[in-house]
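The structure appears below as structure tokens.
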Amino acid sequence: MTTAEAFNEDQRARWNGIDGEYWTEQQERLDRTLAPVIKPLLEFAAPVEGSTVIDVGCGCGATTIELARTVGLEGRVIGLDISEPMLARARERLHSFPNAMCVLGDAGSLLLADTAAELIVSRFGVMFFGNPVAAFANLRTGLAPGGRLRFACWRPIDENPWLRIPLHAVYEHAPRLPKPDPEEPGPFSFADTTRVTRILTAAGFTEPEFTPLDIHMDLAPGGNLEDAVEQSSQMGPAKRALAEQPEEIRAAAIESIREALAPYASATGVKLAGAVWLVGAERIG
């Protein structure tokens with residue numbers, strides 16, 4: 001098994017196990033946290049009524065729903081994901097959208113050649129391919145000639161305090177995570193525009209354009225500081241840094257997260273800055 005295959009298999013196990021279960025159970029809360037991305041992404045992607053759209057890494061269906069509304073009954077939306085628990089939730093939410101369907105499988109290997117989509121969209125679903133050039137080349141086969149690719153990915157973690165601040169609070173007690181290899185898949189693996197350009201052009205797309213999006217992420221949407229502490233410790237790099245740590249370390253780290261987030265708490269939530277790239281390219285040929 002190659003390194004890319006091993007990584008993809010690990011992703012499949014995680015998203016059909018503990019990670020998929022968490023995101024499904026916390027779907028409403030996480031949708032509210034990530035909500036500031038959807039409207040700018042859809043405005044950037046500009047899906048056309050009556051068109052076919054592929055939603056890569058659709059998860060529990062938040063973007064799929066909005067795409068289905070936009071393309072209308074004459075259009076079609078196909079949500080792709082490797083997580084059966086999340087797709088089960090997406091199917092429940094899409095029951096009143098006959099123009100939408102969900103497909104379980106790896107977007108990098110699913111047979112898409114008959115799809116002829118005008119548009120591929122993804123909200124944070126394309127940074128985790130073990131072999132990104134091969135994965136995007138496969139996605140390209142799902143586009144009609146001249147079809148468009150539009151996705152959101154995170155800029156560097158230093159520009160994302162909503163994730164950086166809880167992580168550095170954990171580092172007061174737990175060992176630092178290993179520095180990722182520049183080619184290693186992960187949440188910030190598409191922060192480097194040069195790397196993304198190399199991947200997409202090698203996969204048969206035009207040189208991409210990058211539009212910065214600055215937003216505020218509410219870590220406690222509809223809740224309070226304790227909700228923000230819980231969410232911050234159970235997702236993202238802070239969660240990885242706390243994995244397999246003894247209970248006394250976890251307790252101390254969570255108290256540090258609480259202290260770090262307290263200055264951002266208000267009556268409207270616990271809001272910290274987030275930094276995103278909106279990336280656009282077109283299929284060549």
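In the structure tokens, each chain is lettered A, B, ... as it comes, each chain's residues begin at 1, and ligands are numbered from 1 in order of appearance.
Those residues that approach segment 28-45 of chain A to within 6 Å, counting only C-alpha atoms, are Arg150, Met217 and Asp218 of chain A; same-chain residues fewer than 6 positions away are not listed.
Those residues that approach segment 80-94 of chain A to within 8 Å, counting only C-alpha atoms, are Arg12, Trp15, Asn16, Gly20, Glu21, Trp23, Thr24, Ile54, Asp55, Val56, Gly57, Cys58, Gly59, Cys60, Gly61, Ala62, Ile65, Ile78, Ser96, Phe97, Pro98, Ala100, Met101, Cys102, Val103, Leu104, Gly105, Asp106 and Ala107 of chain A; same-chain residues fewer than 2 positions away are not listed.
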Residue with smallest distance to Tyr264 of chain A - pool A:Ala13, A:Leu149, A:Leu213, A:Leu219, counting only C-alpha atoms: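 Closest residue, counting only C-alpha atoms: A:Leu219.
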Just list as a ChimeraX atom specification whatever in segment 81-182 of chain A DSSP marks as strand (DSSP E or B). /A:81,100-104,117-123,143-154
Work out how far atom CA of Phe129 of chain A is from atom CA of Leu200 of chain A, in Å to one decimal.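 Separating atom CA of Leu200 of chain A from atom CA of Phe129 of chain A is a distance of 12.8 Å.
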If DSSP is run on the backbone, what residues of segment 31-252 of chain A are helix (DSSP H, G or I)? A reply as JSON, numbers by chain would be ideal. {"A": [31, 32, 33, 34, 35, 36, 37, 38, 39, 40, 41, 42, 43, 44, 45, 62, 63, 64, 65, 66, 67, 68, 69, 70, 71, 84, 85, 86, 87, 88, 89, 90, 91, 92, 93, 132, 133, 134, 135, 136, 137, 138, 139, 140, 141, 157, 158, 159, 161, 162, 163, 164, 165, 166, 167, 168, 169, 170, 193, 194, 195, 196, 197, 198, 199, 200, 201, 202, 225, 226, 227, 228, 229, 230, 231, 232, 233, 236, 237, 238, 239, 240, 241, 242, 247, 248, 249, 250, 251, 252]}
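With only C-alpha atoms as the atoms that count, the minimum distance from Ala113 of chain A to the choices A:Pro212, A:Pro47, A:Pro187, A:Gly142 is reached by A:Gly142.
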Pick out the residues sitting within 8 Å of Ala260 of chain A, and hand them over as a list of chain:residue names; count only C-alpha atoms, and ignore anything fewer than 6 positions along from it in its own chain.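 With the cut-off at 8 Å, the set is A:Ile165, A:Pro166, A:Ala169.
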Could those selected residues go to a file with N, CA and C atoms, as an mmCIF file, in the first residue's frame?
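Result went into selection-v5.cif, see below:
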```cif
data_model
loop_
_atom_site.group_PDB
_atom_site.id
_atom_site.type_symbol
_atom_site.label_atom_id
_atom_site.label_comp_id
_atom_site.auth_asym_id
_atom_site.auth_seq_id
_atom_site.Cartn_x
_atom_site.Cartn_y
_atom_site.Cartn_z
ATOM 1 N N ILE A 165 -5.632 29.817 18.617
ATOM 2 C CA ILE A 165 -5.644 30.163 20.046
ATOM 3 C C ILE A 165 -5.939 28.942 20.921
ATOM 4 N N PRO A 166 -6.969 28.134 20.630
ATOM 5 C CA PRO A 166 -7.148 26.919 21.439
ATOM 6 C C PRO A 166 -5.956 25.961 21.349
ATOM 7 N N ALA A 169 -3.184 27.109 23.553
ATOM 8 C CA ALA A 169 -3.538 26.874 24.952
ATOM 9 C C ALA A 169 -3.247 25.416 25.325
#
```
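Each of A:Pro156, A:Glu244, A:Asn99, A:Leu67 was compared to Ser122 of chain A using only C-alpha atoms, and A:Leu67 turns out to be the nearest.
Within the 8 Å cut-off around Phe136 of chain A, using only C-alpha atoms and omitting residues fewer than 4 positions from it on the same chain, the listed residues are A:Gly108, A:Pro132, A:Arg140, A:Ile199, A:Leu200, A:Ala203.
Counting only C-alpha atoms, the residue from A:Gln26, A:Thr70, A:Pro145, A:Ala152 that sits nearest to Ala275 of chain A is A:Ala152.
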Residues within 12 Å of Pro208 of chain A, please, as a VMD selection string. Count only C-alpha atoms; anything in the same chain fewer than 4 positions from it doesn't count. chain A and resid 148 to 151 193 to 204 277 to 284
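The residue that comes closest to Gly130 of chain A, out of A:Ala117, A:Leu225, A:Ile257, A:Ala6 and on the basis of only C-alpha atoms, is A:Ala6.
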